[in-house]
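Enquirer: The following file, start.txt, comprises compact mmCIF, C-alpha atoms:
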# COMPACT_ATOMS: atom_id res chain seq x y z
CA MET A 28 -162.99 165.20 -118.48
CA GLY A 29 -161.09 166.57 -115.49
CA THR A 30 -164.34 167.28 -113.62
CA VAL A 31 -165.64 163.76 -114.37
CA SER A 32 -162.36 162.20 -113.18
CA PHE A 33 -162.44 164.22 -109.95
CA LEU A 34 -166.08 163.33 -109.32
CA LEU A 35 -165.33 159.66 -110.01
CA ILE A 36 -162.60 159.74 -107.36
CA VAL A 37 -165.03 161.39 -104.91
CA VAL A 38 -167.64 158.69 -105.62
CA VAL A 39 -165.15 155.84 -105.14
CA LEU A 40 -163.91 157.32 -101.85
CA THR A 41 -167.49 157.86 -100.65
CA ALA A 42 -168.34 154.26 -101.57
CA LEU A 43 -165.36 153.00 -99.56
CA ALA A 44 -166.39 155.21 -96.64
CA PHE A 45 -169.85 153.63 -96.77
CA ASP A 46 -168.20 150.19 -96.93
CA PHE A 47 -166.25 151.07 -93.79
CA THR A 48 -169.47 152.01 -91.96
CA ASN A 49 -171.05 148.80 -93.27
CA GLY A 50 -168.21 146.91 -91.58
CA PHE A 51 -168.57 148.37 -88.09
CA HIS A 52 -172.35 148.58 -88.41
CA ASP A 53 -172.61 144.87 -89.20
CA THR A 54 -169.84 143.37 -87.05
CA ALA A 55 -172.61 142.28 -84.70
CA ASN A 56 -174.06 140.01 -87.38
CA SER A 57 -171.21 137.55 -87.05
CA MET A 58 -169.83 138.14 -83.57
CA ALA A 59 -172.57 139.41 -81.23
CA THR A 60 -173.60 135.97 -79.94
CA SER A 61 -170.00 134.75 -79.55
CA VAL A 62 -169.12 137.87 -77.55
CA ALA A 63 -172.29 137.54 -75.45
CA THR A 64 -171.62 133.87 -74.53
CA GLY A 65 -167.90 134.37 -73.94
CA ALA A 66 -166.89 132.06 -76.77
CA LEU A 67 -164.56 134.78 -78.07
CA ARG A 68 -163.07 137.79 -76.33
CA PRO A 69 -164.43 141.00 -77.88
CA ARG A 70 -161.22 142.23 -79.49
CA VAL A 71 -160.33 138.77 -80.78
CA ALA A 72 -163.84 138.45 -82.23
CA VAL A 73 -163.63 141.64 -84.30
CA ALA A 74 -160.12 140.77 -85.52
CA VAL A 75 -161.29 137.34 -86.72
CA ALA A 76 -164.37 138.89 -88.34
CA GLY A 77 -162.26 141.51 -90.14
CA VAL A 78 -159.88 138.95 -91.64
CA LEU A 79 -162.73 136.69 -92.78
CA ASN A 80 -164.72 139.61 -94.21
CA LEU A 81 -161.72 140.33 -96.41
CA ALA A 82 -161.42 136.69 -97.46
CA GLY A 83 -165.14 136.46 -98.19
CA ALA A 84 -164.97 139.41 -100.57
CA PHE A 85 -163.02 137.26 -103.05
CA LEU A 86 -165.41 134.29 -103.12
CA SER A 87 -168.08 135.62 -105.50
CA THR A 88 -169.22 138.65 -107.52
CA ALA A 89 -172.81 137.58 -108.28
CA VAL A 90 -174.31 140.13 -105.88
CA ALA A 91 -172.07 142.92 -107.23
CA LYS A 92 -173.36 142.28 -110.76
CA THR A 93 -176.97 142.44 -109.52
CA ILE A 94 -176.35 145.93 -108.11
CA SER A 95 -174.24 147.32 -110.96
CA GLY A 96 -176.61 146.18 -113.69
CA GLY A 97 -179.90 145.07 -112.15
CA ILE A 98 -181.58 147.46 -109.72
CA VAL A 99 -181.19 150.63 -111.80
CA ASP A 100 -180.67 151.24 -115.51
CA ASP A 101 -176.93 151.90 -115.65
CA SER A 102 -177.30 153.81 -118.95
CA LYS A 103 -179.31 156.52 -117.14
CA VAL A 104 -177.24 156.79 -113.99
CA SER A 105 -174.75 159.62 -113.45
CA LEU A 106 -171.89 159.96 -110.99
CA VAL A 107 -173.79 162.69 -109.15
CA MET A 108 -176.69 160.31 -108.54
CA ILE A 109 -174.39 157.58 -107.24
CA PHE A 110 -172.64 160.05 -104.94
CA ALA A 111 -175.96 161.30 -103.57
CA GLY A 112 -177.25 157.75 -103.04
CA LEU A 113 -174.12 156.82 -101.10
CA VAL A 114 -174.50 159.88 -98.88
CA GLY A 115 -178.08 158.86 -98.06
CA ALA A 116 -176.98 155.33 -97.15
CA LEU A 117 -173.97 156.49 -95.15
CA LEU A 118 -175.95 158.95 -93.02
CA TRP A 119 -178.64 156.38 -92.24
CA ASN A 120 -175.95 153.88 -91.22
CA LEU A 121 -174.37 156.39 -88.84
CA MET A 122 -177.69 157.39 -87.30
CA THR A 123 -178.77 153.81 -86.60
CA TRP A 124 -175.30 152.90 -85.32
CA PHE A 125 -175.48 155.78 -82.85
CA ALA A 126 -178.91 154.54 -81.70
CA GLY A 127 -177.56 150.97 -81.41
CA VAL A 128 -180.20 149.67 -83.81
CA PRO A 129 -179.14 146.85 -86.18
CA SER A 130 -180.78 148.20 -89.32
CA SER A 131 -179.88 146.96 -92.78
CA SER A 132 -176.84 148.58 -94.41
CA SER A 133 -177.88 146.83 -97.61
CA HIS A 134 -181.32 148.40 -97.69
CA ALA A 135 -179.83 151.78 -96.78
CA LEU A 136 -177.63 151.49 -99.87
CA PHE A 137 -180.47 150.38 -102.12
CA GLY A 138 -182.76 153.09 -100.77
CA GLY A 139 -180.17 155.83 -101.22
CA LEU A 140 -179.46 154.79 -104.81
CA ILE A 141 -183.12 154.40 -105.72
CA GLY A 142 -184.03 157.82 -104.30
CA ALA A 143 -181.12 159.55 -106.03
CA VAL A 144 -181.74 157.86 -109.39
CA TRP A 145 -185.49 158.50 -109.21
CA VAL A 146 -184.92 162.23 -108.59
CA GLY A 147 -182.12 162.49 -111.13
CA ALA A 148 -183.41 160.32 -113.99
CA GLY A 149 -187.06 159.57 -113.26
CA GLY A 150 -188.89 156.45 -112.14
CA SER A 151 -188.23 154.67 -115.44
CA ALA A 152 -184.56 154.35 -114.47
CA VAL A 153 -185.45 152.13 -111.48
CA GLN A 154 -185.99 148.44 -112.23
CA PHE A 155 -188.94 147.85 -109.92
CA GLY A 156 -189.37 144.24 -110.99
CA VAL A 157 -185.82 143.41 -109.93
CA LEU A 158 -186.30 145.48 -106.76
CA VAL A 159 -189.31 143.38 -105.72
CA GLU A 160 -187.83 140.04 -106.79
CA LYS A 161 -184.32 140.38 -105.39
CA ILE A 162 -184.72 142.81 -102.50
CA VAL A 163 -188.27 143.17 -101.16
CA ILE A 164 -189.29 139.49 -101.22
CA PRO A 165 -185.97 138.25 -99.73
CA ALA A 166 -186.22 141.00 -97.09
CA VAL A 167 -189.58 139.66 -95.95
CA LEU A 168 -188.72 135.97 -96.16
CA SER A 169 -185.08 135.82 -95.04
CA PRO A 170 -185.50 136.68 -91.31
CA VAL A 171 -188.46 134.31 -91.10
CA VAL A 172 -186.56 131.46 -92.74
CA ALA A 173 -183.48 132.13 -90.60
CA GLY A 174 -185.64 132.29 -87.47
CA VAL A 175 -187.36 128.96 -88.21
CA VAL A 176 -184.00 127.30 -88.91
CA ALA A 177 -182.61 128.67 -85.63
CA VAL A 178 -185.66 127.52 -83.63
CA LEU A 179 -185.26 123.96 -84.91
CA ALA A 180 -181.47 123.98 -84.50
CA THR A 181 -181.72 125.31 -80.94
CA TYR A 182 -184.34 122.75 -79.97
CA LEU A 183 -182.24 119.91 -81.41
CA ALA A 184 -179.09 121.22 -79.72
CA TYR A 185 -180.73 121.02 -76.29
CA VAL A 186 -182.35 117.66 -77.00
CA ILE A 187 -179.13 116.06 -78.25
CA THR A 188 -177.11 117.31 -75.26
CA GLY A 189 -179.90 116.74 -72.73
CA ARG A 190 -177.95 114.02 -70.89
CA THR A 191 -174.62 115.80 -71.09
CA ALA A 192 -173.31 117.69 -68.07
CA PRO A 193 -174.29 121.37 -68.55
CA ASP A 194 -170.75 122.72 -68.13
CA GLN A 195 -169.38 120.20 -70.60
CA ALA A 196 -172.10 121.06 -73.14
CA ARG A 197 -171.42 124.78 -72.80
CA ARG A 198 -167.71 124.28 -73.37
CA GLY A 199 -168.39 122.20 -76.45
CA PHE A 200 -170.80 124.72 -77.95
CA ARG A 201 -168.44 127.61 -77.19
CA GLY A 202 -165.80 125.82 -79.22
CA GLY A 203 -168.33 125.25 -81.98
CA GLN A 204 -169.22 128.93 -81.92
CA VAL A 205 -165.69 129.87 -82.92
CA GLY A 206 -166.24 127.96 -86.17
CA SER A 207 -169.86 129.01 -86.75
CA ALA A 208 -169.17 132.71 -86.06
CA SER A 209 -166.21 132.55 -88.44
CA LEU A 210 -168.47 131.15 -91.14
CA VAL A 211 -170.95 134.00 -90.64
CA ALA A 212 -168.10 136.52 -90.98
CA LEU A 213 -166.94 134.83 -94.18
CA ALA A 214 -170.49 134.83 -95.54
CA HIS A 215 -170.93 138.48 -94.57
CA GLY A 216 -167.83 139.44 -96.53
CA THR A 217 -169.09 137.44 -99.50
CA ASN A 218 -172.47 139.19 -99.50
CA ASP A 219 -171.93 142.71 -98.14
CA ALA A 220 -168.55 143.67 -99.57
CA GLN A 221 -170.00 142.92 -103.00
CA LYS A 222 -172.57 145.68 -102.61
CA THR A 223 -169.88 148.33 -102.54
CA MET A 224 -168.11 146.55 -105.40
CA GLY A 225 -171.34 146.84 -107.37
CA VAL A 226 -171.70 150.57 -106.65
CA ILE A 227 -168.10 151.35 -107.64
CA THR A 228 -168.53 149.26 -110.79
CA LEU A 229 -171.72 151.19 -111.57
CA ALA A 230 -169.76 154.44 -111.16
CA LEU A 231 -167.03 153.21 -113.51
CA ILE A 232 -169.67 152.26 -116.09
CA SER A 233 -171.38 155.66 -115.73
CA ALA A 234 -168.04 157.43 -116.25
CA GLY A 235 -167.33 155.39 -119.38
CA VAL A 236 -164.35 153.60 -117.83
CA LEU A 237 -166.03 150.19 -118.14
CA PRO A 238 -168.53 148.89 -120.72
CA HIS A 239 -172.13 148.16 -119.74
CA ASP A 240 -172.79 144.90 -117.86
CA SER A 241 -169.18 144.69 -116.66
CA GLY A 242 -168.20 142.90 -113.47
CA PRO A 243 -165.96 144.51 -110.81
CA PRO A 244 -162.23 144.76 -111.63
CA TRP A 245 -159.77 143.10 -109.24
CA TRP A 246 -158.76 146.37 -107.59
CA VAL A 247 -162.40 147.12 -106.77
CA VAL A 248 -162.75 143.70 -105.12
CA LEU A 249 -159.57 144.29 -103.10
CA THR A 250 -160.36 147.83 -101.91
CA ALA A 251 -163.97 146.97 -101.04
CA GLY A 252 -162.79 143.94 -99.07
CA LEU A 253 -160.18 145.98 -97.20
CA ALA A 254 -162.64 148.77 -96.36
CA ILE A 255 -165.27 146.46 -94.88
CA ALA A 256 -162.58 144.49 -93.02
CA LEU A 257 -161.15 147.65 -91.43
CA GLY A 258 -164.64 148.81 -90.47
CA THR A 259 -165.36 145.42 -88.92
CA TYR A 260 -162.17 145.58 -86.86
CA THR A 261 -163.23 148.87 -85.25
CA GLY A 262 -165.94 146.92 -83.46
CA GLY A 263 -169.34 148.55 -83.80
CA TRP A 264 -169.83 147.82 -80.10
CA ARG A 265 -173.14 149.67 -79.77
CA ILE A 266 -174.92 147.25 -82.11
CA ILE A 267 -173.05 144.21 -80.76
CA ARG A 268 -174.55 145.08 -77.36
CA THR A 269 -178.08 145.26 -78.78
CA MET A 270 -177.89 141.98 -80.68
CA GLY A 271 -175.89 140.06 -78.09
CA LYS A 272 -177.69 141.20 -74.94
CA GLY A 273 -180.68 143.28 -75.92
CA LEU A 274 -182.85 140.76 -77.78
CA THR A 275 -182.63 137.65 -75.60
CA ASP A 276 -180.33 135.93 -73.12
CA ILE A 277 -178.06 133.84 -75.32
CA GLU A 278 -176.44 130.60 -74.15
CA PRO A 279 -173.72 128.80 -76.16
CA PRO A 280 -176.08 126.23 -77.77
CA GLN A 281 -178.33 129.07 -78.96
CA GLY A 282 -175.39 131.07 -80.25
CA PHE A 283 -174.11 128.10 -82.22
CA ALA A 284 -177.57 127.41 -83.67
CA ALA A 285 -178.16 131.07 -84.60
CA GLU A 286 -174.79 131.42 -86.33
CA THR A 287 -175.09 128.16 -88.24
CA GLY A 288 -178.59 128.97 -89.49
CA ALA A 289 -177.58 132.48 -90.54
CA THR A 290 -174.56 131.17 -92.45
CA ALA A 291 -176.67 128.74 -94.46
CA VAL A 292 -179.19 131.42 -95.48
CA ILE A 293 -176.56 134.06 -96.36
CA LEU A 294 -174.36 131.76 -98.44
CA ALA A 295 -177.36 130.38 -100.33
CA SER A 296 -178.53 133.91 -101.19
CA SER A 297 -175.03 134.98 -102.27
CA HIS A 298 -174.82 132.01 -104.62
CA MET A 299 -178.15 133.02 -106.21
CA GLY A 300 -177.11 136.69 -106.52
CA PHE A 301 -179.59 138.01 -103.94
CA PRO A 302 -178.16 141.11 -102.18
CA LEU A 303 -179.62 139.95 -98.87
CA SER A 304 -179.62 141.93 -95.64
CA THR A 305 -177.26 139.98 -93.39
CA THR A 306 -178.52 142.08 -90.47
CA GLN A 307 -182.07 140.84 -90.94
CA VAL A 308 -180.92 137.25 -91.33
CA CYS A 309 -178.78 137.32 -88.19
CA THR A 310 -181.41 139.13 -86.13
CA GLY A 311 -184.02 136.59 -87.21
CA SER A 312 -181.65 133.80 -86.21
CA ILE A 313 -181.05 135.28 -82.76
CA LEU A 314 -184.79 135.67 -82.16
CA GLY A 315 -185.31 132.10 -83.34
CA ALA A 316 -182.62 130.90 -80.96
CA GLY A 317 -184.38 132.73 -78.13
CA LEU A 318 -187.72 131.13 -78.99
CA GLY A 319 -186.12 127.70 -79.33
CA ARG A 320 -184.98 127.49 -75.68
CA LYS A 321 -187.60 126.71 -73.08
CA LEU A 322 -188.19 129.55 -70.59
CA ALA A 323 -185.90 131.92 -72.51
CA GLN A 324 -186.93 135.57 -72.43
CA VAL A 325 -187.35 137.50 -75.65
CA ARG A 326 -187.37 141.27 -75.31
CA TRP A 327 -190.11 142.17 -77.73
CA ARG A 328 -189.80 145.93 -77.21
CA THR A 329 -186.25 145.81 -78.58
CA ALA A 330 -187.37 143.51 -81.38
CA GLY A 331 -190.11 145.99 -82.25
CA ARG A 332 -187.64 148.87 -82.47
CA ILE A 333 -185.48 146.80 -84.81
CA ALA A 334 -188.46 145.82 -86.99
CA LEU A 335 -189.52 149.47 -87.24
CA SER A 336 -186.03 150.41 -88.42
CA TRP A 337 -186.26 147.72 -91.11
CA VAL A 338 -189.49 149.23 -92.42
CA LEU A 339 -188.09 152.77 -92.38
CA THR A 340 -184.60 152.10 -93.75
CA LEU A 341 -185.27 151.94 -97.48
CA PRO A 342 -187.69 154.91 -97.72
CA ALA A 343 -185.67 157.06 -95.27
CA ALA A 344 -182.40 156.48 -97.13
CA ALA A 345 -184.24 157.07 -100.42
CA ALA A 346 -185.55 160.42 -99.14
CA VAL A 347 -182.06 161.55 -98.07
CA GLY A 348 -180.53 160.24 -101.31
CA GLY A 349 -183.16 162.03 -103.38
CA ALA A 350 -182.65 165.32 -101.52
CA ALA A 351 -178.88 164.98 -101.87
CA ALA A 352 -179.26 164.32 -105.61
CA TRP A 353 -181.38 167.44 -106.05
CA ILE A 354 -178.80 169.59 -104.25
CA ALA A 355 -175.76 167.97 -105.88
CA ASP A 356 -177.28 168.43 -109.34
CA HIS A 357 -176.66 172.19 -108.99
CA GLY A 358 -173.05 171.86 -110.09
CA THR A 359 -169.79 171.76 -108.18
CA PHE A 360 -171.16 173.93 -105.39
CA GLY A 361 -174.04 171.51 -104.86
CA VAL A 362 -171.69 168.50 -104.68
CA ALA A 363 -169.45 170.36 -102.22
CA LEU A 364 -172.47 171.29 -100.07
CA VAL A 365 -173.65 167.67 -99.89
CA ALA A 366 -170.12 166.48 -99.08
CA ALA A 367 -169.77 169.08 -96.32
CA ALA A 368 -173.13 168.10 -94.83
CA ALA A 369 -172.12 164.43 -94.85
CA VAL A 370 -168.77 165.08 -93.18
CA GLY A 371 -170.34 167.40 -90.61
CA SER A 372 -173.08 164.90 -89.77
CA ALA A 373 -170.56 162.07 -89.43
CA GLY A 374 -168.48 164.18 -87.06
CA GLY A 375 -171.57 165.07 -85.06
CA PHE A 376 -172.64 161.46 -84.57
CA TRP A 377 -169.11 160.50 -83.52
CA ALA A 378 -168.95 163.35 -80.99
CA LEU A 379 -172.34 162.43 -79.52
CA SER A 380 -171.31 158.78 -79.23
CA ARG A 381 -168.34 159.77 -77.02
CA ARG A 382 -170.71 161.01 -74.32
CA ARG A 383 -171.83 157.45 -73.53
CA PRO A 384 -169.24 155.23 -75.19
CA VAL A 385 -169.72 151.51 -75.70
CA THR A 386 -166.42 149.67 -75.89
CA ALA A 387 -164.99 146.17 -75.80
CA ASP A 388 -164.83 146.52 -72.01
CA ASN A 389 -168.54 147.22 -71.40
CA VAL A 390 -170.19 145.72 -74.47
CA ASN A 391 -171.84 142.91 -72.46
CA GLU A 392 -173.45 145.33 -70.00
CA LEU A 393 -176.97 146.54 -70.63
CA PRO A 394 -177.23 150.27 -69.81
CA ALA A 395 -180.39 149.77 -67.75
CA PRO A 396 -182.79 146.92 -66.91
CA LEU A 397 -185.61 146.50 -69.38
CA PRO A 398 -189.18 146.94 -68.02
CA ARG A 399 -190.73 143.65 -67.02
CA HIS A 400 -193.73 144.18 -69.29
CA ALA A 401 -191.32 144.28 -72.27
CA GLU A 402 -190.09 140.76 -71.55
CA HIS A 403 -192.19 137.66 -72.16
CA PRO A 404 -191.21 134.04 -71.70
CA ALA A 405 -190.85 132.25 -75.00
CA ALA A 406 -192.79 129.12 -75.67
Just give me the structure as structure tokens.

Expert:
Amino acid sequence: MGTVSFLLIVVVLTALAFDFTNGFHDTANSMATSVATGALRPRVAVAVAGVLNLAGAFLSTAVAKTISGGIVDDSKVSLVMIFAGLVGALLWNLMTWFAGVPSSSSHALFGGLIGAVWVGAGGSAVQFGVLVEKIVIPAVLSPVVAGVVAVLATYLAYVITGRTAPDQARRGFRGGQVGSASLVALAHGTNDAQKTMGVITLALISAGVLPHDSGPPWWVVLTAGLAIALGTYTGGWRIIRTMGKGLTDIEPPQGFAAETGATAVILASSHMGFPLSTTQVCTGSILGAGLGRKLAQVRWRTAGRIALSWVLTLPAAAAVGGAAAWIADHGTFGVALVAAAAVGSAGGFWALSRRRPVTADNVNELPAPLPRHAEHPAA
């Protein structure tokens, strides 16, 4: 019992560490466009996002229940598998953060868990029907839907303000962005914090602390909300730079349209219990906003790198999660070895990031001009 209790504590702490990385990895989802257009100062933006992420964590638990009792068979899942899956997700998050690529923290988590459970309990423990219905299909459709909504919203924004003085229109949309970015942050907390809640709840069920099909206790909701809020406040400036400046040149009307469209899609999915990738939704919205403005430039090379990371995220995290599960299954030494590898890798990524730091002071500067052949005028 003592070993199980210790391992449960390790799993909960690892889940909260992943939640923290989810926060700084996904800060860009809500605040990249507002920072890029100057609607919010960088440090103010991440503070607002952190507070609203915490508030959003208390709005719903539908997504958490999908994860704790839908994607995998909780009766076949062990604490070792959950620990290994979290390590796979955490390492993928850190690697893509270092590269400045807005990959999906959600899919990293799902991939890590699926790989670990598959290795530890066999393919029958993975609910592939739920995986396709609630993860794969939304992953394909959500950025497209968000992009279409943002295209239409951007077009209408410029049409409606066509006779308004440009400076006056920009000021108005910058003010609107404060509200729309805040809504995205609230929606992000509602959707993403629940994923960690679901994992911790799954761990509590596996350890026999909670009965099967339980929802997250209040302390799980609180700690998951705090972890993602603190991670958000640290900034995640590398990915904010990519989404705010690397995809397209964002003006205030586009930023407002992208944020509003993303909010609608994320909140609708949270209500239906779909553990959606907010990163994919927000990236689709930003691309749509770029396509919706005449003569705007979309940097398709950057978009291609992001799309490639989306394709690789789930299988890559699954491979790491599966390998970690195989090692951790060799007793206490195996768990300690996986934990040491995770801590060492995290320290390595942090040290490498200090060589070329991205901060609140230089987040709106691209490191180098993009090649002209990588930029194409949008229709």

Enquirer: Draw an axis-aligned box over all listed atoms of stretch 178-185 of chain A, pad each side with 5 Å, and write its centre and edge lengths in Å, one decimal, as AutoDock Vina command-line options.

Expert:
--center_x -182.4 --center_y 123.7 --center_z -80.6 --size_x 16.6 --size_y 17.6 --size_z 18.6

Enquirer: Which residue gives the smallest distance to A:Val176 among A:Ser61, A:Asn218, A:Ser132, A:Thr290, with only C-alpha atoms counted?

Expert: A:Thr290

Enquirer: Determine, counting all atoms listed in the file, which protein, DNA and RNA residues have an atom within 9 Å of an atom of stretch 313-322 of chain A; residues of the same chain fewer than 4 positions away are not included. Present the result as an MDAnalysis selection string.

Expert: chainID A and resid 60 171 173:183 185 270:271 274:277 280:282 284:286 289 308:309 330 404:406

Enquirer: Now that the selection is made, can you save its residues with C-alpha atoms as a PDB file, keeping the file's coordinate frame?

Expert:
ATOM      1  CA  THR A  60    -173.600 135.970 -79.940  1.00  0.00           C
ATOM      2  CA  VAL A 171    -188.460 134.310 -91.100  1.00  0.00           C
ATOM      3  CA  ALA A 173    -183.480 132.130 -90.600  1.00  0.00           C
ATOM      4  CA  GLY A 174    -185.640 132.290 -87.470  1.00  0.00           C
ATOM      5  CA  VAL A 175    -187.360 128.960 -88.210  1.00  0.00           C
ATOM      6  CA  VAL A 176    -184.000 127.300 -88.910  1.00  0.00           C
ATOM      7  CA  ALA A 177    -182.610 128.670 -85.630  1.00  0.00           C
ATOM      8  CA  VAL A 178    -185.660 127.520 -83.630  1.00  0.00           C
ATOM      9  CA  LEU A 179    -185.260 123.960 -84.910  1.00  0.00           C
ATOM     10  CA  ALA A 180    -181.470 123.980 -84.500  1.00  0.00           C
ATOM     11  CA  THR A 181    -181.720 125.310 -80.940  1.00  0.00           C
ATOM     12  CA  TYR A 182    -184.340 122.750 -79.970  1.00  0.00           C
ATOM     13  CA  LEU A 183    -182.240 119.910 -81.410  1.00  0.00           C
ATOM     14  CA  TYR A 185    -180.730 121.020 -76.290  1.00  0.00           C
ATOM     15  CA  MET A 270    -177.890 141.980 -80.680  1.00  0.00           C
ATOM     16  CA  GLY A 271    -175.890 140.060 -78.090  1.00  0.00           C
ATOM     17  CA  LEU A 274    -182.850 140.760 -77.780  1.00  0.00           C
ATOM     18  CA  THR A 275    -182.630 137.650 -75.600  1.00  0.00           C
ATOM     19  CA  ASP A 276    -180.330 135.930 -73.120  1.00  0.00           C
ATOM     20  CA  ILE A 277    -178.060 133.840 -75.320  1.00  0.00           C
ATOM     21  CA  PRO A 280    -176.080 126.230 -77.770  1.00  0.00           C
ATOM     22  CA  GLN A 281    -178.330 129.070 -78.960  1.00  0.00           C
ATOM     23  CA  GLY A 282    -175.390 131.070 -80.250  1.00  0.00           C
ATOM     24  CA  ALA A 284    -177.570 127.410 -83.670  1.00  0.00           C
ATOM     25  CA  ALA A 285    -178.160 131.070 -84.600  1.00  0.00           C
ATOM     26  CA  GLU A 286    -174.790 131.420 -86.330  1.00  0.00           C
ATOM     27  CA  ALA A 289    -177.580 132.480 -90.540  1.00  0.00           C
ATOM     28  CA  VAL A 308    -180.920 137.250 -91.330  1.00  0.00           C
ATOM     29  CA  CYS A 309    -178.780 137.320 -88.190  1.00  0.00           C
ATOM     30  CA  ALA A 330    -187.370 143.510 -81.380  1.00  0.00           C
ATOM     31  CA  PRO A 404    -191.210 134.040 -71.700  1.00  0.00           C
ATOM     32  CA  ALA A 405    -190.850 132.250 -75.000  1.00  0.00           C
ATOM     33  CA  ALA A 406    -192.790 129.120 -75.670  1.00  0.00           C
TER      34      ALA A 406
END

Enquirer: Might you pull out every residue within 8 Å of stretch 139-154 of chain A, with all atoms listed in the file counted and same-chain residues fewer than 5 positions away left off, and present them as a list in words?

Expert: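 Within the cut-off, the hits are Gly97, Ile98, Val99, Asp100, Lys103, Val104, Met108, Ile109, Ala111, Gly112, Leu113, Val114, Gly115, Ala116, Leu341, Ala344, Ala345, Ala346, Val347, Gly348, Gly349, Ala350, Ala351, Ala352, Trp353 and Asp356 of chain A.
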
Enquirer: Can you tell me, as a ChimeraX atom specification, what residues are no more than 10 Å from stretch 69-84 of chain A when counting only C-alpha atoms, ignoring any on the same chain fewer than 3 positions away?

Expert: /A:50-51,54-59,61-63,65-66,87-88,205,208-221,224,248-264,267,386-391

Enquirer: Quick one: of A:Gly138, A:Val365, A:Leu237, A:Ala166, who's nearest to A:Val292, counting only C-alpha atoms?

Expert: A:Ala166

Enquirer: Interatomic distance between atom CA of A:Ile187 and atom CA of A:Ser312?

Expert: 19.6 Å

Enquirer: Determine the nearest neighbour of A:Val247 from the options A:Ala355, A:Phe360, A:Ala192, A:Leu40, counting all atoms listed in the file.

Expert: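 Of all the options, A:Leu40 lies closest to A:Val247.
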
Enquirer: Nearest to A:Ala291 among A:Leu121, A:Leu43, A:Val172, A:Ile164, with distances taken over only C-alpha atoms: which residue is it?

Expert: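 With only C-alpha atoms as the atom set, the closest residue is A:Val172.
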
Enquirer: For each of A:Ser304, A:Gln204, A:Ser233, A:Thr41, take the minimum atom-to-atom distance to A:Leu118, counting all atoms listed in the file, then give the residue where this is smallest.

Expert: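 Ranking A:Ser304, A:Gln204, A:Ser233, A:Thr41 by distance to A:Leu118, first place goes to A:Thr41.
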
Enquirer: Quick one, how far is atom CA of A:Asp46 from atom CA of A:Phe85?

Expert: 15.2 Å

Enquirer: Would you compute the distance between atom CA of A:Arg201 and atom CA of A:Pro279? Give it in Å to one decimal.

Expert: 5.5 Å

Enquirer: Which residue, A:Gly371, A:Gly273, A:Gly127, A:Pro342, has the smallest gap to A:Pro384 when you use all atoms listed in the file?

Expert: A:Gly127
